[in-house]
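Student: File name upload_22.txt; file contents compact mmCIF, C-alpha atoms; full text below.
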# COMPACT_ATOMS: atom_id res chain seq x y z
CA MET I 1 21.93 19.22 17.68
CA THR I 2 21.34 15.91 15.90
CA ILE I 3 22.92 15.06 12.59
CA PRO I 4 20.44 14.09 9.88
CA ALA I 5 22.67 11.26 8.64
CA LEU I 6 26.25 10.03 8.55
CA VAL I 7 28.01 8.86 5.38
CA LEU I 8 31.20 6.79 5.61
CA ILE I 9 33.71 6.92 2.76
CA GLY I 10 37.14 5.39 2.36
CA MET I 11 39.24 2.63 0.87
CA PRO I 12 38.31 -1.03 1.10
CA GLY I 13 39.37 -2.30 4.50
CA ALA I 14 38.79 1.04 6.24
CA GLY I 15 35.92 -0.44 8.25
CA LYS I 16 33.02 1.46 6.69
CA THR I 17 30.55 -1.40 7.05
CA THR I 18 31.73 -2.57 10.47
CA VAL I 19 31.85 0.94 11.94
CA GLY I 20 28.58 1.85 10.23
CA GLU I 21 26.75 -1.13 11.72
CA LEU I 22 28.12 -0.33 15.19
CA LEU I 23 27.09 3.32 14.95
CA ALA I 24 23.62 2.54 13.61
CA THR I 25 23.02 0.06 16.42
CA ARG I 26 24.33 2.47 19.05
CA TRP I 27 22.25 5.36 17.71
CA SER I 28 19.16 3.23 16.96
CA VAL I 29 19.02 4.38 13.34
CA PRO I 30 18.96 2.40 10.09
CA PHE I 31 22.18 1.17 8.53
CA VAL I 32 22.51 1.31 4.75
CA ASP I 33 25.35 -0.24 2.72
CA THR I 34 25.14 1.15 -0.81
CA ASP I 35 27.14 -1.76 -2.25
CA GLN I 36 24.69 -4.26 -0.75
CA LEU I 37 21.73 -2.21 -2.02
CA LEU I 38 23.20 -2.13 -5.53
CA GLU I 39 23.79 -5.88 -5.48
CA ARG I 40 20.22 -6.50 -4.31
CA GLN I 41 18.73 -4.20 -6.94
CA SER I 42 20.75 -5.72 -9.78
CA GLY I 43 20.58 -9.31 -8.54
CA GLU I 44 24.28 -9.55 -9.29
CA SER I 45 27.46 -9.26 -7.24
CA LEU I 46 29.63 -6.17 -7.65
CA GLN I 47 32.42 -8.33 -9.05
CA SER I 48 30.09 -9.86 -11.64
CA GLN I 49 28.87 -6.41 -12.67
CA LEU I 50 32.45 -5.15 -12.87
CA ASP I 51 33.50 -8.14 -15.00
CA ARG I 52 30.52 -7.67 -17.32
CA LEU I 53 30.56 -3.87 -17.62
CA GLY I 54 34.18 -2.84 -17.15
CA TYR I 55 35.37 -0.44 -14.49
CA LEU I 56 34.29 2.85 -16.10
CA ALA I 57 30.74 1.68 -16.84
CA MET I 58 30.56 0.16 -13.36
CA ARG I 59 31.52 3.51 -11.83
CA ALA I 60 28.76 5.16 -13.87
CA VAL I 61 26.23 2.59 -12.64
CA GLU I 62 27.36 3.16 -9.05
CA GLU I 63 27.14 6.93 -9.44
CA GLU I 64 23.61 6.81 -10.88
CA PHE I 65 22.47 4.33 -8.25
CA VAL I 66 23.85 6.25 -5.26
CA ALA I 67 22.62 9.56 -6.67
CA THR I 68 19.05 8.25 -6.90
CA CYS I 69 18.53 5.34 -4.47
CA ALA I 70 16.07 5.62 -1.61
CA LEU I 71 17.67 6.47 1.73
CA PRO I 72 15.90 6.76 5.10
CA PRO I 73 15.59 10.28 6.56
CA ARG I 74 18.31 9.57 9.12
CA ALA I 75 20.74 6.68 8.78
CA VAL I 76 24.37 5.64 8.82
CA VAL I 77 25.41 4.96 5.23
CA SER I 78 28.43 2.91 4.20
CA THR I 79 29.56 3.47 0.63
CA GLY I 80 31.68 1.60 -1.86
CA GLY I 81 35.28 2.78 -2.02
CA SER I 82 34.87 4.06 -5.57
CA VAL I 83 31.80 6.23 -4.90
CA ILE I 84 34.08 9.28 -4.82
CA TYR I 85 34.55 9.02 -8.60
CA GLY I 86 30.90 10.01 -9.05
CA PRO I 87 30.32 13.74 -8.54
CA ARG I 88 26.50 13.39 -8.64
CA ALA I 89 26.60 10.64 -6.04
CA MET I 90 28.89 12.63 -3.79
CA GLN I 91 26.82 15.78 -4.16
CA ARG I 92 23.77 13.80 -3.07
CA LEU I 93 25.60 12.16 -0.13
CA ARG I 94 27.08 15.44 1.10
CA GLY I 95 23.62 16.97 1.03
CA TYR I 96 22.24 13.95 2.86
CA GLY I 97 24.55 13.98 5.86
CA VAL I 98 28.00 14.43 7.34
CA CYS I 99 30.63 12.69 5.19
CA VAL I 100 33.31 10.97 7.26
CA TYR I 101 36.47 9.72 5.60
CA LEU I 102 37.82 6.70 7.47
CA GLU I 103 41.45 7.18 6.53
CA ILE I 104 43.86 4.25 6.52
CA SER I 105 47.33 3.92 5.06
CA LEU I 106 48.13 1.85 2.00
CA ASP I 107 49.91 -0.65 4.27
CA THR I 108 46.73 -1.08 6.30
CA VAL I 109 44.66 -1.59 3.15
CA VAL I 110 47.06 -4.36 2.10
CA GLU I 111 46.98 -5.93 5.59
CA ARG I 112 43.19 -5.94 5.87
CA VAL I 113 42.05 -6.89 2.37
CA ALA I 114 42.94 -10.20 0.77
CA ASN I 115 40.07 -10.78 -1.67
CA TRP I 116 40.84 -8.19 -4.36
CA ASP I 117 39.83 -10.55 -7.16
CA SER I 118 36.30 -11.07 -5.84
CA ARG I 119 35.22 -7.90 -4.03
CA GLY I 120 34.35 -5.70 -7.00
CA PHE I 121 37.33 -3.34 -6.68
CA SER I 122 36.94 -0.70 -9.37
CA CYS I 123 40.18 0.20 -11.12
CA ALA I 124 41.70 0.18 -14.59
CA PRO I 125 42.99 -3.18 -15.79
CA GLY I 126 46.56 -3.65 -14.54
CA GLN I 127 46.39 -0.58 -12.28
CA ALA I 128 48.42 -1.14 -9.13
CA LEU I 129 46.75 -0.78 -5.74
CA ALA I 130 49.28 1.90 -4.73
CA GLU I 131 48.32 3.93 -7.79
CA VAL I 132 44.59 3.61 -7.03
CA TYR I 133 45.25 4.64 -3.42
CA ARG I 134 47.17 7.75 -4.53
CA GLU I 135 44.44 8.58 -7.07
CA ARG I 136 41.62 8.28 -4.53
CA LEU I 137 43.26 10.00 -1.55
CA PRO I 138 42.64 13.61 -2.69
CA LEU I 139 39.06 12.73 -3.69
CA TYR I 140 38.27 11.29 -0.25
CA ARG I 141 39.79 14.33 1.42
CA ASN I 142 37.91 16.70 -0.88
CA TYR I 143 34.52 15.20 -0.10
CA ALA I 144 35.07 14.62 3.62
CA ASP I 145 33.48 16.87 6.21
CA VAL I 146 35.48 14.90 8.80
CA THR I 147 38.68 12.90 8.31
CA LEU I 148 39.34 10.27 10.95
CA PRO I 149 42.71 8.46 10.91
CA CYS I 150 41.91 4.79 11.61
CA ASP I 151 45.22 2.91 11.36
CA ASP I 152 45.74 0.62 14.36
CA LEU I 153 42.27 1.33 15.75
CA SER I 154 39.59 -1.26 16.40
CA ALA I 155 36.12 -0.60 15.04
CA GLU I 156 34.95 0.25 18.56
CA GLN I 157 37.80 2.77 18.95
CA VAL I 158 36.87 4.37 15.62
CA VAL I 159 33.26 4.67 16.80
CA GLN I 160 34.37 6.26 20.08
CA GLN I 161 36.66 8.76 18.33
CA LEU I 162 34.01 9.64 15.77
CA GLU I 163 31.36 10.17 18.45
CA GLN I 164 33.78 12.36 20.40
CA HIS I 165 34.57 14.40 17.30
CA LEU I 166 30.86 14.85 16.48
CA LEU I 167 30.11 15.92 20.06
CA GLN I 168 32.94 18.48 20.03
CA ALA I 169 31.69 19.82 16.71
CA GLY I 170 28.14 20.10 18.11
CA LEU I 171 26.83 17.59 15.59
CA ARG I 172 25.62 14.87 17.94
So, in terms of structure tokens, how does the structure I just supplied come out?

Tutor:
Amino acid sequence: MTIPALVLIGMPGAGKTTVGELLATRWSVPFVDTDQLLERQSGESLQSQLDRLGYLAMRAVEEEFVATCALPPRAVVSTGGSVIYGPRAMQRLRGYGVCVYLEISLDTVVERVANWDSRGFSCAPGQALAEVYRERLPLYRNYADVTLPCDDLSAEQVVQQLEQHLLQAGLR
């Protein structure tokens, strides 16, 4: 059995783009990064949009975009970390393919991500990263068809574990 598509969700620093590019290359399918698509369509960086719109309006823009953007019939899709706030977007993505939550600890997020002020991180003004992490964790788990713990794993190791999991589940 072949999966129609794979959707990667998770916190910034989880490796969604890196793992997604590796998988797409390995499987000879398109790779789609919804954040990059949104930036291209708007002609503006995520951070610029966030600064201009505010975090709630930015989440609404992201939800509408992901719920309606063109996606190839079979691809590996990397999403923005805040996509899970948009029920319409997540309904569309779950219908599109297998949703994989690349789970990392808060400590790993802090270790891997240094550019919080410029990466378009959607949260309330003054909201601490730990609070955002705790807020998002149940949403990622709720929408995930597969949860893959990724702390201390290289991108290649994540790819190998994900492929093994998909094979065992009869999805690849």

Student: Which of these, I:Val158, I:Val76, I:Leu56, I:Leu166, has the shortest distance to I:Trp27 once you count only C-alpha atoms?

Tutor: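 Closest to I:Trp27 of all the choices is I:Val76.
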
Student: Here is a test: counting all atoms listed in the file, which residue of I:Tyr55, I:Phe121, I:Tyr133, I:Tyr143 is nearest to I:Pro87?

Tutor: I:Tyr143

Student: My list of candidates is I:Ser42, I:Thr68, I:Arg26, I:Ala14. Which is closest to I:Pro149 when distances are computed with only C-alpha atoms?

Tutor: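 Nearest candidate to I:Pro149 out of I:Ser42, I:Thr68, I:Arg26, I:Ala14: I:Ala14.
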
Student: Nearest to I:Ala70 among I:Lys16, I:Arg136, I:Arg52, I:Arg92, with distances taken over all atoms listed in the file: which residue is it?

Tutor: I:Arg92

Student: What does the structure give for the distance between atom CA of I:Gly81 and atom CA of I:Gly126, in Å to one decimal?

Tutor: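 Here the two named atoms are 18.0 Å from each other.
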
Student: Calculate how many Å separate atom CA of I:Val32 from atom CA of I:Phe65, rounding to one decimal.

Tutor: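 About the pair atom CA of I:Val32 and atom CA of I:Phe65: they are 13.3 Å apart.
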
Student: Would you mind telling me which residue in I:Ser154, I:Thr17, I:Gln49, I:Ser122 lies nearest to I:Ser82 when using only C-alpha atoms?

Tutor: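 For I:Ser82, the nearest of the candidates is I:Ser122.
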